[in-house]
Each structure stands twice: as structure tokens, then as C-alpha cells.
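See structure below.
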Number of protein chains: 2
Amino acid sequence: MNNLVPGFYMKKNESISALLNAGEYNFLPSLSVDCVIFGFHENLLKVLLLKHRHLNMWALPGGFIGKDEPTDAAAYRVLKERTGLNEIFLQQFHVFGEPERSEKEFHLQDLKKDGINVTEDLWILQRFVTIGYYALVEFSKVSPAPDTLSEKCIWWDILKVPSLILDHRKILDKALATLRMQLNYQPIGYNLLPEKFTMPELQKLYETILDKKLDRRNFQRKILGFQILQRLTETKKGVPHKSPYLYSFNLKKYNHALNEGLNVGW
Amino acid sequence: MNNLVPGFYMKKNESISALLNAGEYNFLPSLSVDCVIFGFHENLLKVLLLKHRHLNMWALPGGFIGKDEPTDAAAYRVLKERTGLNEIFLQQFHVFGEPERSEKEFHLQDLKKDGINVTEDLWILQRFVTIGYYALVEFSKVSPAPDTLSEKCIWWDILKVPSLILDHRKILDKALATLRMQLNYQPIGYNLLPEKFTMPELQKLYETILDKKLDRRNFQRKILGFQILQRLTETKKGVPHKSPYLYSFNLKKYNHALNEGLNVGW
DNA sequence: TTTTCATTGCGTCATGTTGACACAATGTAG
DNA sequence: CTACATTGTGTCAACATGACGCAATGAAAA
């Protein structure tokens with residue numbers, strides 16, 4: 001094997017072995033969580049991905065569920081480990097339960113390249129059903145950290161996502177579709193924008209998620225109508241052109257809207 | 001044991017034992033599906049429940065997932081077994097993954113009453129994460145059938161649901177909340193009403209699900225605006241007062257609306 | 001047979017929401 | 001100090017929604 005950085009590979013192999021050995025006793029069998037972590041930076045929607053340690057492919061941050069751990073807690077843990085963040089918006093959105101999504105051969109090859117020989121009945125090689133979660137996080141607060149099975153962890157522009165392993169592309173697409181739908185009856189932005197932000201920034205966020213241009217003036221009217229924003233007396237300095245007002249979310253009203261919904265159709 | 005109907009108990013015990021023996025090899029561990037099956041009859045929203053074989057409590061139809069069975073297929077199978085129906089609207093809506101929702105003692109007591117002694121490491125006594133599905137079915141086409149662990153299977157008025165086992169009440173509530181939300185951006189009724197129905201019947205369905213009175217004339221205007229209905233030349237006969245027109249769904253447009261959504265907010 | 005009345009079909013009107021666009025004010029760059 | 005991109009605010013027509021009127025229907029009561 002082309003082991004240019006022996007220490008690195010050593011450590012990796014040790015921790016992978018540790019995972020493999022402990023996993024059967026520590027984790028619920030057959031069930032995993034995968035997280036689609038969205039961020040927003042420089043007017044672009046980003047998603048946090050992990051580089052596969054062998055292949056030129058990427059993966060969603062994921063993990064297993066402790067035997068006594070709530071599934072939601074497992075997702076929060078994965079998020080904490082990859083981003084360093086504690087309190088963020090996290091929501092399950094879909095279960096992916098096709099037998100075909102688990103590819104035993106895929107993982108066998110991986111472990112072989114790690115120099116690890118395992119038997120076919122190893123827990124991690126079995127069929128896994130995964131619960132998809134999506135998270136909205138504040139880009140600037142995230143410190144991306146790879147996991148045991150990956151060599152790096154970085155943000156990708158949602159429009160430039162590279163080739164993903166297994167069915168992760170499908171999971172990502174479903175997360176984005178869910179996010180777009182939720183935009184219709186939930187406020188959004190608190191976990192994606194900094195504390196203080198401008199109306200054009202909020203609009204860019206919506207436009208990016210929806211992949212659609214919105215009218216500046218109508219957007220402002222509608223958003224303000226939700227009554228979840230607080231306009232500050234300050235304006236944003238150091239930007240070209242007219243300095244826009246800064247806004248912050250009125251958290252009380254924001255959370256109320258989160259619970260009650262925005263566009264009650266009936 | 002107070003075994004008044006020996007034959008019944010015998011058969012039950014045999015099939016329960018068969019389930020317990022075969023389960024570990026046939027099913028995915030730790031994962032189950034539970035179905036909230038909604039029907040509509042005599043202007044009332046109904047839900048199909050199973051009577052627990054010992055307790056004076058009821059349960060949602062549920063089941064386990066075959067080792068090579070898609071999770072959705074497992075839910076369809078449960079539905080087929082309890083209702084006799086094949087093609088129905090079925091959708092996963094939430095995963096219930098708290099460790100506390102699995103009560104080992106609960107099941108141990110049950111099996112003891114069945115006269116079945118098991119060890120604590122039996123697969124069915126372990127923690128289970130369950131995927132909640134909800135189904136909309138045409139009441140008149142359903143032939144309710146109990147499962148191995150139940151003594152009967154009947155429809156309950158949604159407003160008179162009895163005491164449910166474990167966290168099934170929570171699952172039911174979440175299903176109803178989801179259904180109400182989906183009403184805002186999805187057409188509904190095709191799987192709940194007969195082939196031909198009247199406008200007042202459709203309105204009653206909406207009112208029942210939403211638990212809210214709607215204005216007759218505004219309802220008609222809005223529904224017709226969706227362009228998913230076909231008005232027939234016939235009217236409904238044999239009813240008091242003025243005989244209302246019959247409608248049927250334009251399936252092509254109905255399905256298109258199902259995929260594209262109704263109220264695109266942004 | 002005629003009257004009563006709940007119900008249905010169809011329509012109106014005031015109000016609220018949305019889409020499209022105008023114009024003045026602001027701040028940077030040339 | 002002028003040009004220009006950008007922001008703050010407002011207008012207006014089109015459309016959607018909520019509240020309600022009224023005539024037609026058909027079974028039941030008088």
C-alpha cells in the first residue's frame with residue numbers, strides 16, 4: 001500500500017479496528033443516522049462533506065446509535081463531533097430503508113485497503129437502515145473535523161457537490177427538497193445567519209435555498225409580515241453603496257412561528 | 001391461567017411461539033414499523049386499532065421488517081394483512097427512537113400470561129426503534145383482521161380512541177398532526193372517499209381532519225380551483241333535501257398535484 | 001295538494017395578499 | 001461632484017379569501 005504517512009495510517013487503522021471491535025456491543029444493529037449539514041457563506045448554500053479515506057468520493061457525516069441512546073441524540077452527537085456545535089436546528093426528515101442501499105462489497109473493499117481482514121458476518125457489513133437528519137448551522141461557528149473513516153471534512157457549495165458514496169446523493173437531494181418545502185410554513189435563518197444580518201442577506205438565503213430569484217420589495221414586505229424580525233438602529237458599515245439596516249430575529253416570536261407554522265392554508 | 005377457550009389460546013400460543021422462534025432469523029433487529037390507518041365513515045374520521053390479547057388496551061397495527069425487505073414494503077405488508085388492501089396511500093412520517101419507548105417488562109408480562117417462558121435476551125424484548133407510517137384507506141373496502149398478538153381489529157372514532165399501549169398514543173397524535181399539515185400542500189380524499197362523492201362529503205372530510213368548520217361556498221370555490229375534480233352529470237339520489245352533484249377525482253391532475261404540491265408559498 | 005324547511009348551487013362584495021414596478025435616498029468609485 | 005449600484009418606501013392592478021345573500025330543489029309536514 002502506498003503508505004506515505006505511516007503514522008497517519010497507523011492511527012487510522014487502530015481507531016478503525018477499535019470501532020469495529022466495540023461496535024457490536026455499543027451500537028444498535030442495522031440502524032444508523034446520516035446528517036445533511038447546511039451552512040450559508042458568501043451567498044452560497046453549503047453542505048458539510050467527508051472525504052472517503054480511499055476513494056475519490058465523499059460522504060455525509062453519519063454515525064451509529066448507542067444501545068441506550070435516543071436516535072435524535074445520536075444525530076446531535078454526530079453533529080457535535082463534526083462541527084463542534086452544540087445547539088443547532090436538527091430535524092429528521094426521512095428514513096432510507098432499501099436493502100440495496102447497503103453494499104457489503106463496498107465496505108469489504110475499504111477494509112481490505114486498510115489492511116484489516118474481517119469476516120462477512122461483521123456487524124458493520126450487514127444491511128443498514130439509516131435515518132436522515134438535516135441541520136442548519138451558522139457557517140462561521142463551525143470547525144469541521146473528519147471522523148475515523150475519513151481523511152478530511154470540508155464545506156461544499158451545494159451546486160458543486162462531488163460524487164458521493166452509496167445513496168448519499170439521494171439523501172442530500174431529499175434533504176434539500178424537505179428544506180424547500182419547510183420554507184413554506186416555517187421561519188428560517190436563525191441557525192444559518194449571524195446574529196445581525198441585513199435584509200438582502202436574508203433574501204439571498206431564501207433565493208439560494210429555493211434556487212430562484214425573488215423580488216426585493218415583495219420579499220421584504222412578506223418577511224416583515226411574519227413579525228419575527230427586529231430592526232436595529234444600526235446599519236451595516238463597510239459595504240459599498242447604501243448601507244442597509246441590520247436586523248435580528250425576535251427569538252420569542254421566531255420560536256412561536258416555528259411551532260405554530262406560518263401559512264395556515266385551511 | 002383462566003383459559004376459558006382452550007383452542008383459542010392453543011392456537012395463539014403456537015403462532016406466538018412461531019413468531020418468537022423465527023423472528024431472530026427473519027427480521028431486522030431493533031427496528032419495527034407502526035401504521036396509523038385512517039378511514040372515513042359516516043362523517044367521522046376513523047383509525048384502525050388492535051385489541052391487546054390480555055390487557056384492556058389497544059395498539060396500532062405494526063410489524064417487523066424482513067431481513068431483505070424494504071422498510072416501506074414492510075409497512076405495505078402490515079397494511080395488506082390488516083385491511084386486505086393492496087394499493088393505498090402510505091407514507092412514513094416520523095421515527096420514534098427513544099430508548100424509553102421499549103418496555104421489556106411490558107412484553108415479559110404479556111408472554112408470561114401466554115404461558116410462554118423466555119429469557120431476557122430474546123430479540124423481541126430488546127429496544128426497538130419504530131418507523132411511523134400513516135395510511136389513508138377507503139373505509140368500505142377494508143376487512144379488518146387481527147394479528148397474532150391481538151384478539152380483534154376494529155375501527156375507532158378518532159375522537160373516542162381508547163387507551164393505547166406504550167407510546168402509540170403519541171404516534172397517533174403525530175400522524176394526525178402530519179396529516180393536517182399535509183392538507184395544506186397536498187390534495188386528499190382519493191383514498192378516503194368512494195369513487196363518486198358529493199361536495200358536502202368532501203367538505204366533511206376536511207372538516208373532520210381539521211376539526212374545524214368551513215364555509216360551504218368558500219370551500220367549494222377553493223377546491224374547484226385546484227382543478228382536480230370532475231363533476232359528473234349524475235346527482236346523488238336517495239338523500240333528503242336537494243340532491244347534490246356527484247364528483248370524482250381527475251386522477252391525472254390529482255397525481256400531478258400530489259407531486260407538485262398545491263400552495264407553493266414562495 | 002300545498003307549505004315548510006334544510007340543503008344545494010351560484011353569486012356578490014369587502015378585505016387581504018401578491019406580483020410588478022416607480023422613485024427618492026444613500027454611499028462608493030471614478 | 002457626478003455616475004451608479006444598491007437600499008428604503010410606496011403604488012396599483014390582479015388575484016385570493018372571508019362573510020354572506022338568494023333562488024332552486026326535494027323530502028317531510030300540514
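Following the order of the C-alpha cells, chains are lettered A, B, ..., residues in each are numbered from 1, and ligands are numbered from 1.
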
Problem set entry | Interface residues on chain C facing chain B, 10 Å, only C-alpha atoms (C1' of nucleotides), written as a PyMOL selection string | chain C and resi 5-11

Those selected residues, please, written with C-alpha atoms (C1' of nucleotides) and delivered as a PDB file, in the first residue's frame.
ATOM      1  C1'  DC C   5     -87.595  23.908   5.594  1.00  0.00           C
ATOM      2  C1'  DA C   6     -82.953  22.031   5.436  1.00  0.00           C
ATOM      3  C1'  DT C   7     -79.847  21.724   1.914  1.00  0.00           C
ATOM      4  C1'  DT C   8     -77.595  22.750  -2.523  1.00  0.00           C
ATOM      5  C1'  DG C   9     -75.936  25.723  -6.491  1.00  0.00           C
ATOM      6  C1'  DC C  10     -74.402  30.008  -7.721  1.00  0.00           C
ATOM      7  C1'  DG C  11     -73.150  34.681  -6.956  1.00  0.00           C
TER       8       DG C  11
END

Problem set entry | Exercise: Lys113 in chain B partners within 9 Å, only C-alpha atoms (C1' of nucleotides), chain neighbours under 3 positions left out, as a PyMOL selection string | chain B and resi 1+54+108-110+116

Problem set entry | Exercise answer, chain D residues close to chain A, 10 Å and only C-alpha atoms (C1' of nucleotides), as an MDAnalysis selection string | chainID D and resid 4:9

Problem set entry | Contact residues (chain B, partner chain A, 6 Å, only C-alpha atoms) as a list of chain:residue names |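 Therefore, the residues near the partner are B:Asp68, B:Pro70, B:Thr71, B:Gly97, B:Glu98, B:Pro99, B:Asn184, B:Gly265.
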
Just write the chosen residues, C-alpha atoms, as a PDB file, in the first residue's frame.
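The new file again.pdb reads:
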ATOM      1  CA  ASP B  68     -34.231  -8.375   2.843  1.00  0.00           C
ATOM      2  CA  PRO B  70     -37.540  -2.596   2.219  1.00  0.00           C
ATOM      3  CA  THR B  71     -38.995  -0.773   5.209  1.00  0.00           C
ATOM      4  CA  GLY B  97     -36.327   6.337  18.664  1.00  0.00           C
ATOM      5  CA  GLU B  98     -36.335   6.931  22.407  1.00  0.00           C
ATOM      6  CA  PRO B  99     -34.922   4.017  24.388  1.00  0.00           C
ATOM      7  CA  ASN B 184     -52.039  22.436   3.098  1.00  0.00           C
ATOM      8  CA  GLY B 265     -45.712  29.704  -0.872  1.00  0.00           C
TER       9      GLY B 265
END

For this session: Find the distance between CA of Thr198 in chain B and CA of Phe38 in chain B and write it in Å to one decimal.
Result: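 About the pair CA of Thr198 in chain B and CA of Phe38 in chain B: they are 19.8 Å apart.
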
For this session: Would you mind reading off the distance between CA of Phe64 in chain B and CA of Leu20 in chain B, one decimal, in Å?
Result: 11.7 Å

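Remark: chain A fitted onto chain B over every Cα atom in order; resulting RMSD 0.1 Å.
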
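From CA of Gly63 in chain B back to CA of Arg77 in chain B, the distance works out to 8.6 Å.
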
Problem set entry | In range 159-227 of chain B, DSSP alpha helix (DSSP H) residues written as a VMD selection string | chain B and resid 168 to 182 199 to 210 216 to 225

Problem set entry | range 15-18 of chain C surroundings by only C-alpha atoms (C1' of nucleotides), 9 Å radius, close-in-sequence under 4 positions cut, as a ChimeraX atom specification | /A:218 /D:14-18

Residues from last step as file, C-alpha atoms (C1' of nucleotides), as a short mmCIF file (atom, residue, chain, number, x, y, z; two decimals), in the first residue's frame:
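New file out_1.cif:
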data_model
loop_
_atom_site.label_atom_id
_atom_site.label_comp_id
_atom_site.auth_asym_id
_atom_site.auth_seq_id
_atom_site.Cartn_x
_atom_site.Cartn_y
_atom_site.Cartn_z
CA ASN A 218 -42.10 41.94 -2.11
"C1'" DA D 14 -54.65 41.24 -10.18
"C1'" DC D 15 -55.86 37.66 -7.53
"C1'" DA D 16 -57.32 35.08 -3.36
"C1'" DT D 17 -60.07 34.88 0.72
"C1'" DG D 18 -63.79 35.56 4.27
#

Exercise. In range 37-250 of chain A, what's strand (DSSP E or B) per DSSP? Answer as a PyMOL selection string?
Worked result: chain A and resi 37-41+44-52+58-59+62-66+89-96+129-136+150-157+164+197-198+229-235+245-249

Leu90 in chain A: which residues within 12 Å, counting only C-alpha atoms (C1' of nucleotides), same-chain residues fewer than 3 positions away excluded, as a compact mmCIF listing (two decimals) with N, CA and C atoms, in the first residue's frame?
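Writing done, so here's around32.txt:
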# COMPACT_ATOMS: atom_id res chain seq x y z
N ASP A 34 -27.62 9.63 9.27
CA ASP A 34 -26.79 10.42 8.37
C ASP A 34 -27.29 11.85 8.41
N CYS A 35 -26.34 12.77 8.47
CA CYS A 35 -26.71 14.17 8.65
C CYS A 35 -26.35 15.01 7.43
N VAL A 36 -27.31 15.76 6.95
CA VAL A 36 -27.06 16.73 5.90
C VAL A 36 -26.96 18.08 6.60
N ILE A 37 -25.72 18.58 6.69
CA ILE A 37 -25.48 19.81 7.45
C ILE A 37 -25.35 20.98 6.49
N PHE A 38 -26.33 21.88 6.55
CA PHE A 38 -26.33 23.02 5.65
C PHE A 38 -25.73 24.24 6.34
N THR A 71 -32.29 8.16 19.14
CA THR A 71 -31.80 8.37 17.77
C THR A 71 -31.47 9.85 17.53
N ASP A 72 -32.32 10.72 18.06
CA ASP A 72 -32.05 12.15 17.90
C ASP A 72 -30.72 12.53 18.54
N ALA A 73 -30.44 11.94 19.69
CA ALA A 73 -29.19 12.25 20.39
C ALA A 73 -27.99 11.80 19.57
N ALA A 74 -28.15 10.68 18.88
CA ALA A 74 -27.06 10.19 18.03
C ALA A 74 -26.76 11.20 16.93
N ALA A 75 -27.81 11.75 16.36
CA ALA A 75 -27.62 12.74 15.31
C ALA A 75 -26.96 14.01 15.87
N TYR A 76 -27.41 14.43 17.05
CA TYR A 76 -26.79 15.59 17.70
C TYR A 76 -25.31 15.32 17.97
N ARG A 77 -25.01 14.09 18.38
CA ARG A 77 -23.62 13.74 18.68
C ARG A 77 -22.77 13.83 17.42
N VAL A 78 -23.26 13.27 16.33
CA VAL A 78 -22.53 13.33 15.06
C VAL A 78 -22.27 14.79 14.71
N LEU A 79 -23.29 15.59 14.87
CA LEU A 79 -23.16 17.00 14.53
C LEU A 79 -22.13 17.70 15.38
N LYS A 80 -22.18 17.41 16.67
CA LYS A 80 -21.21 17.98 17.61
C LYS A 80 -19.78 17.57 17.23
N LEU A 85 -20.43 22.17 17.20
CA LEU A 85 -21.59 22.92 17.66
C LEU A 85 -22.50 22.10 18.56
N ASN A 86 -23.09 22.78 19.49
CA ASN A 86 -24.00 22.12 20.42
C ASN A 86 -25.46 22.32 20.06
N GLU A 87 -25.87 23.57 20.13
CA GLU A 87 -27.29 23.81 19.96
C GLU A 87 -27.58 24.29 18.56
N PHE A 93 -35.78 13.83 8.65
CA PHE A 93 -36.65 14.11 7.50
C PHE A 93 -37.05 12.89 6.70
N GLY A 132 -32.32 9.86 8.04
CA GLY A 132 -31.75 11.10 7.54
C GLY A 132 -32.14 12.29 8.42
N TYR A 133 -31.16 13.07 8.83
CA TYR A 133 -31.40 14.30 9.57
C TYR A 133 -30.83 15.45 8.76
N TYR A 134 -31.47 16.61 8.85
CA TYR A 134 -30.80 17.77 8.28
C TYR A 134 -30.64 18.84 9.34
N ALA A 135 -29.52 19.55 9.22
CA ALA A 135 -29.19 20.56 10.21
C ALA A 135 -28.92 21.88 9.51
N LEU A 136 -29.26 22.97 10.17
CA LEU A 136 -28.93 24.30 9.69
C LEU A 136 -27.99 24.93 10.70
N VAL A 137 -26.82 25.30 10.26
CA VAL A 137 -25.83 25.81 11.19
C VAL A 137 -25.20 27.11 10.68
N ALA A 175 -33.10 15.86 1.42
CA ALA A 175 -32.97 16.86 2.49
C ALA A 175 -33.25 18.26 1.93
N LEU A 179 -36.19 20.80 2.95
CA LEU A 179 -35.88 22.15 3.40
C LEU A 179 -36.70 23.17 2.60
N ASN A 191 -30.51 29.83 12.40
CA ASN A 191 -29.33 28.98 12.56
C ASN A 191 -28.38 29.07 11.38
N LEU A 192 -28.73 29.88 10.41
CA LEU A 192 -27.89 29.94 9.22
C LEU A 192 -27.18 31.28 9.08

For this session: Tell me which protein, DNA and RNA residues are within 12 Å of Gly39 in chain A, counting only C-alpha atoms (C1' of nucleotides), leaving out same-chain ones fewer than 5 positions away, and put them as a PyMOL selection string.
Result: chain A and resi 44-49+83+88-89+134-142+144+154-158+189-194+205+208-209

Please produce an output containing N, CA and C atoms for each residue in the selection, written as a compact mmCIF listing (two decimals), in the first residue's frame.
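Result saved to part30.txt:
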# COMPACT_ATOMS: atom_id res chain seq x y z
N LEU A 44 -23.75 31.64 -0.69
CA LEU A 44 -23.86 30.31 -1.28
C LEU A 44 -24.29 29.31 -0.21
N LEU A 45 -25.16 28.39 -0.61
CA LEU A 45 -25.58 27.34 0.30
C LEU A 45 -24.52 26.25 0.28
N LYS A 46 -24.10 25.84 1.46
CA LYS A 46 -23.00 24.87 1.58
C LYS A 46 -23.49 23.63 2.31
N VAL A 47 -22.80 22.54 2.06
CA VAL A 47 -23.09 21.32 2.79
C VAL A 47 -21.76 20.69 3.21
N LEU A 48 -21.75 20.16 4.43
CA LEU A 48 -20.51 19.63 5.01
C LEU A 48 -20.34 18.17 4.60
N LEU A 49 -19.20 17.87 3.95
CA LEU A 49 -18.97 16.50 3.48
C LEU A 49 -17.63 15.96 3.96
N THR A 83 -18.79 19.35 13.78
CA THR A 83 -18.85 20.81 13.68
C THR A 83 -18.41 21.53 14.95
N ILE A 88 -28.14 23.44 17.78
CA ILE A 88 -28.43 23.79 16.41
C ILE A 88 -29.79 23.23 16.00
N PHE A 89 -30.27 23.71 14.90
CA PHE A 89 -31.52 23.20 14.35
C PHE A 89 -31.25 21.87 13.69
N TYR A 134 -31.47 16.61 8.85
CA TYR A 134 -30.80 17.77 8.28
C TYR A 134 -30.64 18.84 9.34
N ALA A 135 -29.52 19.55 9.22
CA ALA A 135 -29.19 20.56 10.21
C ALA A 135 -28.92 21.88 9.51
N LEU A 136 -29.26 22.97 10.17
CA LEU A 136 -28.93 24.30 9.69
C LEU A 136 -27.99 24.93 10.70
N VAL A 137 -26.82 25.30 10.26
CA VAL A 137 -25.83 25.81 11.19
C VAL A 137 -25.20 27.11 10.68
N GLU A 138 -24.66 27.85 11.62
CA GLU A 138 -24.02 29.10 11.27
C GLU A 138 -22.60 28.80 10.82
N PHE A 139 -22.39 29.02 9.55
CA PHE A 139 -21.13 28.67 8.89
C PHE A 139 -19.90 29.07 9.69
N SER A 140 -19.85 30.31 10.14
CA SER A 140 -18.63 30.83 10.76
C SER A 140 -18.32 30.19 12.10
N LYS A 141 -19.30 29.55 12.70
CA LYS A 141 -19.06 28.95 14.01
C LYS A 141 -18.60 27.51 13.94
N VAL A 142 -18.54 26.98 12.72
CA VAL A 142 -18.23 25.56 12.55
C VAL A 142 -16.73 25.32 12.41
N PRO A 144 -14.89 22.26 11.11
CA PRO A 144 -15.08 20.93 10.53
C PRO A 144 -13.99 19.96 10.98
N ILE A 154 -14.87 19.05 4.79
CA ILE A 154 -14.96 20.44 4.34
C ILE A 154 -16.34 20.78 3.78
N TRP A 155 -16.55 22.08 3.67
CA TRP A 155 -17.80 22.58 3.11
C TRP A 155 -17.75 22.52 1.59
N TRP A 156 -18.89 22.14 1.00
CA TRP A 156 -19.01 22.16 -0.45
C TRP A 156 -20.17 23.04 -0.86
N ASP A 157 -19.94 23.79 -1.89
CA ASP A 157 -21.03 24.53 -2.50
C ASP A 157 -22.10 23.53 -2.95
N ILE A 158 -23.35 23.83 -2.61
CA ILE A 158 -24.42 22.86 -2.91
C ILE A 158 -24.54 22.59 -4.40
N GLY A 189 -33.49 30.78 9.08
CA GLY A 189 -32.44 31.77 9.07
C GLY A 189 -31.72 31.88 10.40
N TYR A 190 -32.44 31.62 11.48
CA TYR A 190 -31.81 31.82 12.79
C TYR A 190 -30.53 31.03 12.94
N ASN A 191 -30.51 29.83 12.40
CA ASN A 191 -29.33 28.98 12.56
C ASN A 191 -28.38 29.07 11.38
N LEU A 192 -28.73 29.88 10.41
CA LEU A 192 -27.89 29.94 9.22
C LEU A 192 -27.18 31.28 9.08
N LEU A 193 -27.75 32.32 9.69
CA LEU A 193 -27.18 33.65 9.56
C LEU A 193 -26.55 34.08 10.88
N PRO A 194 -25.63 35.03 10.81
CA PRO A 194 -25.07 35.57 12.06
C PRO A 194 -26.16 36.31 12.85
N LEU A 205 -30.35 34.18 1.18
CA LEU A 205 -30.50 32.84 1.77
C LEU A 205 -31.71 32.13 1.17
N THR A 208 -31.14 31.29 -2.46
CA THR A 208 -30.19 30.19 -2.64
C THR A 208 -30.85 28.86 -2.37
N ILE A 209 -31.60 28.80 -1.28
CA ILE A 209 -32.28 27.54 -0.96
C ILE A 209 -33.29 27.19 -2.04

For this session: Do a neighbour search on Ile228 in chain B at 7 Å with only C-alpha atoms (C1' of nucleotides), toss out local chain neighbours closer than 4 positions, and write the hits as a PyMOL selection string.
Result: chain B and resi 249-250+253-254
